[in-house]
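One structure is given here, and the rest of the page talks about it.
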Protein chains: 2
Amino acid sequence: MSSMVQTLSSMANAILDQPTVIAVTVFVALLCACIVIGHLVEENRWANESIAALLLGLASGAVVLLVRKGQSSQVLVFNEDLFFIYLLPPIIFNAGFQVKKKRFFKNFSVILLFGIFGTIISFCLITLGAFLLFKKIGITSLTMKDCLAIGAILSATDSVCTLQVLSQEQTPFLYSAVFGEGVVNDATSIVLFNAVQSIDISDIDGLTALKLLGNFLYLFFTSTILGIAVGLLSAFGIKTLYFGRHSTDREVAIMMLLAYLSYMVAELLSLSGILTIFFCGIVMSHYTWHNVTESSRVTTKHAFATLSFIAETFIFIYVGMDALDITKWKESNASAGTSIIVSLALFALVLVGRAAFVYPISCILNCTKQGSEEIEIKKQFIIWWAGLIRGAVTIALAYNQFSSSGTKSANVDSMMITCIIIVVLFSTVVFGSVTKPLIQAVLLNNANPLTSRENDFVSLEDLRLLSLENGGPVDNGNNQSAPRRSKLQLFIRHPTSTVHHLWRKFDDKFMRPVFGGRGFVPFVPGSPRSTAGETSDLNNSN
Amino acid sequence: MSSMVQTLSSMANAILDQPTVIAVTVFVALLCACIVIGHLVEENRWANESIAALLLGLASGAVVLLVRKGQSSQVLVFNEDLFFIYLLPPIIFNAGFQVKKKRFFKNFSVILLFGIFGTIISFCLITLGAFLLFKKIGITSLTMKDCLAIGAILSATDSVCTLQVLSQEQTPFLYSAVFGEGVVNDATSIVLFNAVQSIDISDIDGLTALKLLGNFLYLFFTSTILGIAVGLLSAFGIKTLYFGRHSTDREVAIMMLLAYLSYMVAELLSLSGILTIFFCGIVMSHYTWHNVTESSRVTTKHAFATLSFIAETFIFIYVGMDALDITKWKESNASAGTSIIVSLALFALVLVGRAAFVYPISCILNCTKQGSEEIEIKKQFIIWWAGLIRGAVTIALAYNQFSSSGTKSANVDSMMITCIIIVVLFSTVVFGSVTKPLIQAVLLNNANPLTSRENDFVSLEDLRLLSLENGGPVDNGNNQSAPRRSKLQLFIRHPTSTVHHLWRKFDDKFMRPVFGGRGFVPFVPGSPRSTAGETSDLNNSN
């Protein structure tokens, strides 16, 4: 029997590439283990799936290292393509698809300020700090360009882990602010990183900076518009062609594929795929999702969440496993002391860089009352704290910068990668585990004032005034000036509410009749329209 | 603005590998187009999604060829790993998950005879034919081993396209026989192919043949047992740990990942992953699916179907695009005439090879009354006809055999690949489009005798007799011998029905209490158990 098995073993090598099979098997097995562990620690407030995945990845990296007798712990080589093409899109799409849209747009100004200006401030500070620091330590082989890259790399927060430690129900404002910032921040830091890699350092002047800002605004708007366009296309297509007539599978498939297509087209046109697919997700949940059959709604809601969940867990296992990449550690000739000092210094820069924009911007927002609610000092602290986690985007960018430089000394490059990995591991494990209990301790023990105040989005009085203006039953020629004045007052008092109300009017009158959406769904013969219990919870706040 | 876009273009190259982005974008766009076209031609009986995908793939291959000015039409290189690791598993798993289990097991003897002995007969005939043929044409550089490989390659039917042309509702017997044969055939032909590649041709004797048969049986049983074991593990795990308490996403994720793990472990142990994941799918739909929450049931049912559907369409686009691989055509110095003659000859061998086992085995089955129903000559014809389609498995194996041989003359190898591609394209387009109308014409215009007869699976009288034997209210010591005799009679008259009944008893008594399943589901608080309309259609015949 054993010779038979041996014959069979040699057979299998014939068709499939054995290392790939082993790598995939190991990763799938680890994913299963993570899910089971994540389920078992669900009620533990200190642990979560990300940390479990990271530690499991580290452990299996160690096992592989031992099995291969210290040669290499890499089962899969860290591949930016794998990360940016296959793993990131489902996560960001699902975030857009499941985000509470009303709250997101209510905090839009806060999100943009933190995400764009905050990231730029953080980038400048970290760059400057790194430049001075490396001079002081005596690492001379790093150029100014490397320092700029480090600034961009360490400005990229990790929105994936943040999603797990903040709760959309318990702290809705913080969730939408920190998570929204994370999405915009991803885009900003990748744009910054690309800019740093492409510009010529020798002639930086005001014009270059202005050009970069122009580039950024161009990227931001075109990416958003592309995402919205693809989302609307999917809504219109599904409403017009009515796929559900023949097969629910086609509806689910076309939603999935169009969302992914928006990301890939954005990448192809050198736009920000992350922004594109995020807005595509928002539009799809607002229009397309209402145009499909009942079972497609349930399927998309859960299938997208599942895919995103698998991709997240995969990333953390991957990062954990990759941390024990022995060749990098060997190449980096630095002593343990130097590595730790550099890592600590980098992490300190991250702390300072983030503090340098969270507190000032919060103060500005509080003074101008731009935000929907006041950001108290406690909340400012949590915003600062929750955004300190660094993750897979950071690692991907670090590999990109420091593994292909070629001419420069390889050991400094390797040291930079290992130090950045240390920062990522440390921040994920420490901040990932401490944040949840911290929020509980700081914010939630004072009789939940957060959630109760969230609900006065627009007062009943204001709504009554607006509905008068809409040509209600009391509307006649005489009192037209009064509501108009109060509309102006209302806009000053509640700018976002008014925008929201005007948007709703526009949406109901022009958009939904064309693109479908709640209440404008084509009639589906034989589909149980009334069983809405399953479906109404996705969009309870659009 | 244009310089800005140019700057941005150069930026994007920094992070992502541009060719990969282009390839993925093209494929996703083509997938979307296929879905829309497939929807539009749904009511057309001549066309279907597979053919649309194949033609679209051909067309875009031609466009790429023109754009690149005849250099290469390959956007993605044909990669067996991509096919066997990522595309095939979801298709076969979904087939097992959605198959009508009662019917499948009812026709199990038919399926095994066709799938194992049929494939072996076809393999022997095609090998012999190819050997004689190539001698006659004057192609001398192909060894006996190559001929054996051709036999294995061309014995692999395409179960994916067959699924699309046969309807589970209209022709249930044919569907389960041809599709079931396809699954077993895939496994058999891959085992044969591997065997051919690994054995030493010089000393073939009876012992080697016996050893191969032993290998095959070992593979068949261990693969099946592994699939069943993983399926039961998932059922037991989900029932015990009760993932739905915290998150439906975990349930869906663990089902998906465990199924995939079963495939990968089978491949790692050099078993037949196809058989393993197929049986894993069957067990999961029988037990696991009943243990998860309501929304997970809807999600898994549709999400697995969608993934399988996307993978199928992807394969056909891929095969179509790959057909215009200009380097292969150039390498093959053969004139168009020779290529066509070889292709026709190979296709003739496929026709004869299949006829040589379908008709004899059907006659044997009819004579011994082993099958659940008589296979009339018309049905024999359809079985023969529907199994002539060759698909992606054939192409994958052909690439494996003829692109890495190294020492031999490259032009004959290239000619073999191009000829096999011609056979695949021809059979898919012609048989794929003609089969549906042919079945309508041959079978379904005579007052639907097929479906009506299917229902007398076990007569009421037989069931009454069996229930008497089960210790019913009339059961007493005196008339014990009568039911026992009738049970024996019943077994002779309806062997499969009796096995099915005994299985049901065993299942209800031992399996379902442990592994869950219909009627043995743990209580889910807050889950709407009563809305079974959505869920009962998956397993309406387990």
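Residues in the structure tokens are numbered from 1 in each chain, the chains being A, B, ... in the order shown, and ligands are numbered from 1 in the order shown.
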> Do you know which residues are at most 7 Å from Ala53 (chain A) counting only C-alpha atoms, after dropping those on the same chain fewer than 4 positions away, and could you put them as an MDAnalysis selection string?
Replying inline: chainID A and resid 34 49 57 313 316:317
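Close contacts of Phe83 (chain A), defined as residues with an atom at most 9 Å away when counting only C-alpha atoms, with chain neighbours fewer than 6 positions off set aside, comprise Pro89, Ile315, Ala392, Val393 and Ala396 of chain A.
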With C-alpha atoms retained, could you export that selection as a short mmCIF file (atom, residue, chain, number, x, y, z; two decimals), in the first residue's frame?
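For reference, again.cif as written:
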data_model
loop_
_atom_site.label_atom_id
_atom_site.label_comp_id
_atom_site.auth_asym_id
_atom_site.auth_seq_id
_atom_site.Cartn_x
_atom_site.Cartn_y
_atom_site.Cartn_z
CA PRO A 89 -11.48 45.62 -3.09
CA ILE A 315 -4.61 39.78 5.34
CA ALA A 392 -1.49 45.86 5.51
CA VAL A 393 -1.49 49.02 3.36
CA ALA A 396 2.46 46.75 1.07
#
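Atom to atom, CA of Cys280 (chain A) and CA of Ile228 (chain A) stand 5.3 Å apart.
Using only C-alpha atoms, the smallest distance between any of B:Ser343, B:Leu56, B:Val165, B:Phe243 and Asn44 (chain B) comes from B:Val165.
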> Could you pull the residues within 12 Å of Ile225 (chain A), counting only C-alpha atoms, minus those fewer than 4 positions along the same chain, as a PyMOL selection string?
Replying inline: chain A and resi 218-221+229-233+262+266+271-273+275-280+283
Can you write just those residues out, N, CA, C and O atoms, as a PDB file, in the first residue's frame?
ATOM      1  N   TYR A 218      -8.179  66.354  -8.479  1.00  0.00           N
ATOM      2  CA  TYR A 218      -8.597  65.683  -9.712  1.00  0.00           C
ATOM      3  C   TYR A 218      -8.890  64.205  -9.437  1.00  0.00           C
ATOM      4  O   TYR A 218      -9.950  63.687  -9.780  1.00  0.00           O
ATOM      5  N   LEU A 219      -7.941  63.554  -8.744  1.00  0.00           N
ATOM      6  CA  LEU A 219      -8.109  62.143  -8.392  1.00  0.00           C
ATOM      7  C   LEU A 219      -9.352  61.917  -7.554  1.00  0.00           C
ATOM      8  O   LEU A 219     -10.143  61.008  -7.817  1.00  0.00           O
ATOM      9  N   PHE A 220      -9.513  62.775  -6.548  1.00  0.00           N
ATOM     10  CA  PHE A 220     -10.622  62.582  -5.622  1.00  0.00           C
ATOM     11  C   PHE A 220     -11.954  62.658  -6.358  1.00  0.00           C
ATOM     12  O   PHE A 220     -12.813  61.787  -6.218  1.00  0.00           O
ATOM     13  N   PHE A 221     -12.114  63.702  -7.200  1.00  0.00           N
ATOM     14  CA  PHE A 221     -13.418  63.877  -7.834  1.00  0.00           C
ATOM     15  C   PHE A 221     -13.657  62.864  -8.945  1.00  0.00           C
ATOM     16  O   PHE A 221     -14.744  62.287  -9.030  1.00  0.00           O
ATOM     17  N   ALA A 229     -20.917  56.584 -11.060  1.00  0.00           N
ATOM     18  CA  ALA A 229     -21.403  56.256 -12.405  1.00  0.00           C
ATOM     19  C   ALA A 229     -21.601  54.754 -12.556  1.00  0.00           C
ATOM     20  O   ALA A 229     -22.643  54.300 -13.044  1.00  0.00           O
ATOM     21  N   VAL A 230     -20.614  53.973 -12.097  1.00  0.00           N
ATOM     22  CA  VAL A 230     -20.755  52.518 -12.233  1.00  0.00           C
ATOM     23  C   VAL A 230     -21.921  52.026 -11.378  1.00  0.00           C
ATOM     24  O   VAL A 230     -22.699  51.167 -11.803  1.00  0.00           O
ATOM     25  N   GLY A 231     -22.062  52.585 -10.174  1.00  0.00           N
ATOM     26  CA  GLY A 231     -23.174  52.202  -9.318  1.00  0.00           C
ATOM     27  C   GLY A 231     -24.508  52.480  -9.985  1.00  0.00           C
ATOM     28  O   GLY A 231     -25.408  51.632 -10.000  1.00  0.00           O
ATOM     29  N   LEU A 232     -24.646  53.663 -10.572  1.00  0.00           N
ATOM     30  CA  LEU A 232     -25.898  54.021 -11.243  1.00  0.00           C
ATOM     31  C   LEU A 232     -26.117  53.143 -12.471  1.00  0.00           C
ATOM     32  O   LEU A 232     -27.251  52.719 -12.743  1.00  0.00           O
ATOM     33  N   LEU A 233     -25.036  52.855 -13.190  1.00  0.00           N
ATOM     34  CA  LEU A 233     -25.145  51.966 -14.346  1.00  0.00           C
ATOM     35  C   LEU A 233     -25.703  50.610 -13.917  1.00  0.00           C
ATOM     36  O   LEU A 233     -26.604  50.062 -14.571  1.00  0.00           O
ATOM     37  N   SER A 262     -15.395  48.532 -11.465  1.00  0.00           N
ATOM     38  CA  SER A 262     -15.169  49.947 -11.166  1.00  0.00           C
ATOM     39  C   SER A 262     -13.796  50.133 -10.530  1.00  0.00           C
ATOM     40  O   SER A 262     -13.062  51.067 -10.871  1.00  0.00           O
ATOM     41  N   ALA A 266     -10.689  52.084 -12.369  1.00  0.00           N
ATOM     42  CA  ALA A 266     -10.054  53.201 -11.675  1.00  0.00           C
ATOM     43  C   ALA A 266      -8.548  52.995 -11.598  1.00  0.00           C
ATOM     44  O   ALA A 266      -7.764  53.912 -11.855  1.00  0.00           O
ATOM     45  N   LEU A 271      -6.587  56.189 -11.231  1.00  0.00           N
ATOM     46  CA  LEU A 271      -7.346  56.899 -10.193  1.00  0.00           C
ATOM     47  C   LEU A 271      -7.236  56.098  -8.897  1.00  0.00           C
ATOM     48  O   LEU A 271      -6.526  55.101  -8.837  1.00  0.00           O
ATOM     49  N   SER A 272      -7.980  56.538  -7.876  1.00  0.00           N
ATOM     50  CA  SER A 272      -7.948  55.806  -6.620  1.00  0.00           C
ATOM     51  C   SER A 272      -9.061  54.770  -6.605  1.00  0.00           C
ATOM     52  O   SER A 272     -10.231  55.093  -6.402  1.00  0.00           O
ATOM     53  N   GLY A 273      -8.691  53.520  -6.816  1.00  0.00           N
ATOM     54  CA  GLY A 273      -9.677  52.452  -6.833  1.00  0.00           C
ATOM     55  C   GLY A 273     -10.438  52.348  -5.527  1.00  0.00           C
ATOM     56  O   GLY A 273     -11.623  52.003  -5.516  1.00  0.00           O
ATOM     57  N   LEU A 275     -11.387  54.765  -3.418  1.00  0.00           N
ATOM     58  CA  LEU A 275     -12.493  55.721  -3.374  1.00  0.00           C
ATOM     59  C   LEU A 275     -13.606  55.291  -4.326  1.00  0.00           C
ATOM     60  O   LEU A 275     -14.787  55.354  -3.983  1.00  0.00           O
ATOM     61  N   THR A 276     -13.202  54.851  -5.508  1.00  0.00           N
ATOM     62  CA  THR A 276     -14.198  54.474  -6.514  1.00  0.00           C
ATOM     63  C   THR A 276     -15.091  53.364  -6.009  1.00  0.00           C
ATOM     64  O   THR A 276     -16.323  53.467  -6.064  1.00  0.00           O
ATOM     65  N   ILE A 277     -14.493  52.287  -5.508  1.00  0.00           N
ATOM     66  CA  ILE A 277     -15.310  51.135  -5.130  1.00  0.00           C
ATOM     67  C   ILE A 277     -16.111  51.447  -3.867  1.00  0.00           C
ATOM     68  O   ILE A 277     -17.213  50.941  -3.684  1.00  0.00           O
ATOM     69  N   PHE A 278     -15.587  52.334  -3.037  1.00  0.00           N
ATOM     70  CA  PHE A 278     -16.341  52.729  -1.841  1.00  0.00           C
ATOM     71  C   PHE A 278     -17.634  53.446  -2.243  1.00  0.00           C
ATOM     72  O   PHE A 278     -18.727  53.110  -1.768  1.00  0.00           O
ATOM     73  N   PHE A 279     -17.531  54.413  -3.153  1.00  0.00           N
ATOM     74  CA  PHE A 279     -18.742  55.132  -3.565  1.00  0.00           C
ATOM     75  C   PHE A 279     -19.640  54.252  -4.425  1.00  0.00           C
ATOM     76  O   PHE A 279     -20.861  54.383  -4.384  1.00  0.00           O
ATOM     77  N   CYS A 280     -19.045  53.343  -5.174  1.00  0.00           N
ATOM     78  CA  CYS A 280     -19.851  52.391  -5.928  1.00  0.00           C
ATOM     79  C   CYS A 280     -20.692  51.558  -4.962  1.00  0.00           C
ATOM     80  O   CYS A 280     -21.883  51.327  -5.210  1.00  0.00           O
ATOM     81  N   VAL A 283     -23.642  53.717  -3.675  1.00  0.00           N
ATOM     82  CA  VAL A 283     -24.711  53.876  -4.669  1.00  0.00           C
ATOM     83  C   VAL A 283     -25.447  52.557  -4.866  1.00  0.00           C
ATOM     84  O   VAL A 283     -26.679  52.532  -4.960  1.00  0.00           O
TER      85      VAL A 283
END
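Closest approach to chain B from the set A:Asp186, A:Glu42, A:Asp413, A:Asp508 is made by A:Glu42, with distances taken over only C-alpha atoms.
Pairwise distance (CA of Ile439 (chain B), CA of Cys367 (chain B)) equals 24.7 Å.
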>> According to DSSP computed on the backbone, where in region 18-177 of chain A is there alpha helix (DSSP H)? Give the residues as number ranges by chain.
In response: A: 18-40, 49-67, 80-81, 88-98, 101-106, 108-112, 119-137, 144-155, 159-165, 172-177
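Among the candidates B:Arg297, B:Lys509, B:Lys136, B:Arg518, the one nearest to chain A when counting only C-alpha atoms is B:Arg297.
If you count only C-alpha atoms and ignore residues fewer than 2 places along the chain from Val350 (chain B), what sits within 9 Å of it is Ser122, Leu125, Ile126, Leu154, Ser155, Ala345, Leu346, Phe347, Ala348, Val352, Gly353, Arg354, Ala355 and Leu388 of chain B.
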>> Could you list, as a PyMOL selection string, every residue within 12 Å of Asp249 (chain A), counting only C-alpha atoms and ignoring same-chain residues fewer than 3 positions away?
In response: (chain A and resi 243-246+252-257+292-293+295-297+299-300) or (chain B and resi 35+38-39+298-310)
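Comparing A:Val160, A:Ile422, A:Asn48, A:Ile153 by their smallest distance to Ser339 (chain A), the closest is A:Ile422 (using only C-alpha atoms).
Near Glu267 (chain B), within a cut-off of 10 Å and counting only C-alpha atoms, sit the residues Ser9, Ala12, Asn13, Leu16, Gln18, Val21, Ile22 and Thr25 of chain A; Phe84, Ile85, Ser223, Leu261, Ser262, Tyr263, Met264, Ser270, Leu271, Ser272, Gly273, Ile274 and Thr276 of chain B, with same-chain residues fewer than 3 positions away left out.
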Export of prior selection with all heavy atoms as a short mmCIF file (atom, residue, chain, number, x, y, z; two decimals), in the first residue's frame:
data_model
loop_
_atom_site.label_atom_id
_atom_site.label_comp_id
_atom_site.auth_asym_id
_atom_site.auth_seq_id
_atom_site.Cartn_x
_atom_site.Cartn_y
_atom_site.Cartn_z
N SER A 9 1.55 9.69 -5.23
CA SER A 9 2.16 10.97 -4.90
C SER A 9 2.90 11.54 -6.09
O SER A 9 2.78 12.71 -6.42
CB SER A 9 3.14 10.83 -3.74
OG SER A 9 2.44 10.82 -2.54
N ALA A 12 0.50 13.03 -8.63
CA ALA A 12 -0.13 14.33 -8.39
C ALA A 12 0.78 15.46 -8.80
O ALA A 12 0.33 16.48 -9.31
CB ALA A 12 -0.47 14.47 -6.92
N ASN A 13 2.08 15.26 -8.62
CA ASN A 13 3.01 16.30 -9.02
C ASN A 13 2.89 16.62 -10.50
O ASN A 13 3.26 17.69 -10.95
CB ASN A 13 4.44 15.88 -8.70
CG ASN A 13 4.70 15.90 -7.22
OD1 ASN A 13 4.19 16.78 -6.54
ND2 ASN A 13 5.44 14.94 -6.72
N LEU A 16 -0.55 19.45 -10.74
CA LEU A 16 -0.57 20.70 -9.99
C LEU A 16 0.80 21.06 -9.43
O LEU A 16 1.60 20.20 -9.11
CB LEU A 16 -1.57 20.61 -8.83
CG LEU A 16 -3.02 20.68 -9.26
CD1 LEU A 16 -3.90 20.58 -8.03
CD2 LEU A 16 -3.32 21.97 -9.98
N GLN A 18 2.99 21.79 -6.73
CA GLN A 18 2.85 21.37 -5.33
C GLN A 18 3.00 22.52 -4.32
O GLN A 18 2.18 22.63 -3.41
CB GLN A 18 3.81 20.22 -5.02
CG GLN A 18 3.36 19.30 -3.91
CD GLN A 18 2.10 18.50 -4.25
OE1 GLN A 18 1.58 18.60 -5.34
NE2 GLN A 18 1.62 17.74 -3.30
N VAL A 21 -0.22 24.37 -3.98
CA VAL A 21 -1.25 23.58 -3.28
C VAL A 21 -1.01 23.65 -1.78
O VAL A 21 -1.93 23.87 -0.99
CB VAL A 21 -1.25 22.12 -3.77
CG1 VAL A 21 -2.24 21.29 -2.98
CG2 VAL A 21 -1.58 22.06 -5.24
N ILE A 22 0.25 23.48 -1.38
CA ILE A 22 0.56 23.51 0.06
C ILE A 22 0.21 24.88 0.63
O ILE A 22 -0.46 24.98 1.67
CB ILE A 22 2.06 23.19 0.30
CG1 ILE A 22 2.34 21.74 -0.09
CG2 ILE A 22 2.43 23.42 1.77
CD1 ILE A 22 3.79 21.38 -0.04
N THR A 25 -3.53 25.34 0.88
CA THR A 25 -4.09 24.49 1.94
C THR A 25 -3.80 25.08 3.32
O THR A 25 -4.71 25.16 4.16
CB THR A 25 -3.49 23.07 1.86
OG1 THR A 25 -3.58 22.63 0.51
CG2 THR A 25 -4.23 22.12 2.76
N PHE B 84 -7.29 24.40 -12.04
CA PHE B 84 -7.58 23.32 -11.09
C PHE B 84 -7.71 23.81 -9.65
O PHE B 84 -8.40 23.21 -8.85
CB PHE B 84 -6.52 22.23 -11.18
CG PHE B 84 -6.70 21.31 -12.33
CD1 PHE B 84 -5.86 21.35 -13.42
CD2 PHE B 84 -7.76 20.41 -12.35
CE1 PHE B 84 -6.04 20.51 -14.50
CE2 PHE B 84 -7.95 19.57 -13.43
CZ PHE B 84 -7.08 19.62 -14.51
N ILE B 85 -7.02 24.91 -9.32
CA ILE B 85 -7.06 25.35 -7.91
C ILE B 85 -8.20 26.32 -7.67
O ILE B 85 -8.84 26.29 -6.63
CB ILE B 85 -5.71 25.97 -7.48
CG1 ILE B 85 -4.61 24.91 -7.59
CG2 ILE B 85 -5.78 26.50 -6.06
CD1 ILE B 85 -3.27 25.36 -7.10
N SER B 223 -11.16 9.28 -1.63
CA SER B 223 -11.62 10.62 -1.95
C SER B 223 -13.05 10.83 -1.46
O SER B 223 -13.38 11.84 -0.85
CB SER B 223 -11.58 10.86 -3.46
OG SER B 223 -10.31 10.66 -3.96
N LEU B 261 -11.25 23.49 1.60
CA LEU B 261 -10.18 22.76 2.28
C LEU B 261 -10.21 21.28 1.92
O LEU B 261 -9.16 20.67 1.72
CB LEU B 261 -10.32 22.94 3.79
CG LEU B 261 -9.15 22.45 4.64
CD1 LEU B 261 -7.90 23.23 4.34
CD2 LEU B 261 -9.47 22.56 6.12
N SER B 262 -11.43 20.72 1.82
CA SER B 262 -11.52 19.30 1.47
C SER B 262 -10.88 19.06 0.10
O SER B 262 -10.16 18.08 -0.10
CB SER B 262 -12.98 18.85 1.47
OG SER B 262 -13.65 19.27 0.30
N TYR B 263 -11.13 19.97 -0.83
CA TYR B 263 -10.54 19.82 -2.17
C TYR B 263 -9.02 19.88 -2.10
O TYR B 263 -8.31 19.06 -2.68
CB TYR B 263 -11.08 20.92 -3.08
CG TYR B 263 -10.58 20.87 -4.50
CD1 TYR B 263 -11.23 20.09 -5.45
CD2 TYR B 263 -9.47 21.60 -4.90
CE1 TYR B 263 -10.79 20.04 -6.75
CE2 TYR B 263 -9.02 21.55 -6.21
CZ TYR B 263 -9.67 20.78 -7.13
OH TYR B 263 -9.23 20.72 -8.43
N MET B 264 -8.53 20.90 -1.36
CA MET B 264 -7.08 21.10 -1.33
C MET B 264 -6.38 19.96 -0.60
O MET B 264 -5.30 19.53 -1.01
CB MET B 264 -6.74 22.44 -0.65
CG MET B 264 -7.20 23.66 -1.41
SD MET B 264 -6.80 23.68 -3.16
CE MET B 264 -5.02 23.76 -3.09
N SER B 270 -2.87 13.66 -2.92
CA SER B 270 -2.90 13.04 -4.25
C SER B 270 -4.14 12.21 -4.48
O SER B 270 -4.11 11.20 -5.18
CB SER B 270 -1.66 12.17 -4.46
OG SER B 270 -0.52 12.88 -4.08
N LEU B 271 -5.23 12.63 -3.89
CA LEU B 271 -6.51 11.98 -4.18
C LEU B 271 -7.22 12.78 -5.26
O LEU B 271 -6.69 13.75 -5.79
CB LEU B 271 -7.36 11.93 -2.91
CG LEU B 271 -6.71 11.24 -1.72
CD1 LEU B 271 -7.59 11.38 -0.50
CD2 LEU B 271 -6.47 9.78 -2.03
N SER B 272 -8.44 12.41 -5.57
CA SER B 272 -9.19 13.16 -6.56
C SER B 272 -10.00 14.26 -5.88
O SER B 272 -11.04 14.01 -5.27
CB SER B 272 -10.13 12.22 -7.33
OG SER B 272 -11.08 12.99 -8.00
N GLY B 273 -9.52 15.47 -5.98
CA GLY B 273 -10.20 16.60 -5.36
C GLY B 273 -11.62 16.77 -5.87
O GLY B 273 -12.51 17.17 -5.13
N ILE B 274 -11.82 16.44 -7.13
CA ILE B 274 -13.15 16.60 -7.73
C ILE B 274 -14.17 15.73 -7.03
O ILE B 274 -15.24 16.19 -6.64
CB ILE B 274 -13.07 16.27 -9.24
CG1 ILE B 274 -12.19 17.30 -9.94
CG2 ILE B 274 -14.44 16.24 -9.86
CD1 ILE B 274 -12.02 17.05 -11.40
N THR B 276 -13.89 14.41 -4.05
CA THR B 276 -13.98 14.80 -2.65
C THR B 276 -14.93 15.97 -2.48
O THR B 276 -15.85 15.93 -1.66
CB THR B 276 -12.59 15.19 -2.12
OG1 THR B 276 -11.70 14.12 -2.32
CG2 THR B 276 -12.64 15.55 -0.65
#
>> Restricting the calculation to only C-alpha atoms: of A:Leu324, A:Leu82, A:Ala29, A:Leu365, which residue gets closest to chain B?
In response: A:Ala29
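In terms of minimum interatomic distance to chain A, B:Thr248 ranks closest within B:Asn366, B:Thr248, B:Gln98, B:Ser50, counting only C-alpha atoms.
Here CA of Ser109 (chain A) and CA of Thr435 (chain A) stand 24.8 Å from one another.
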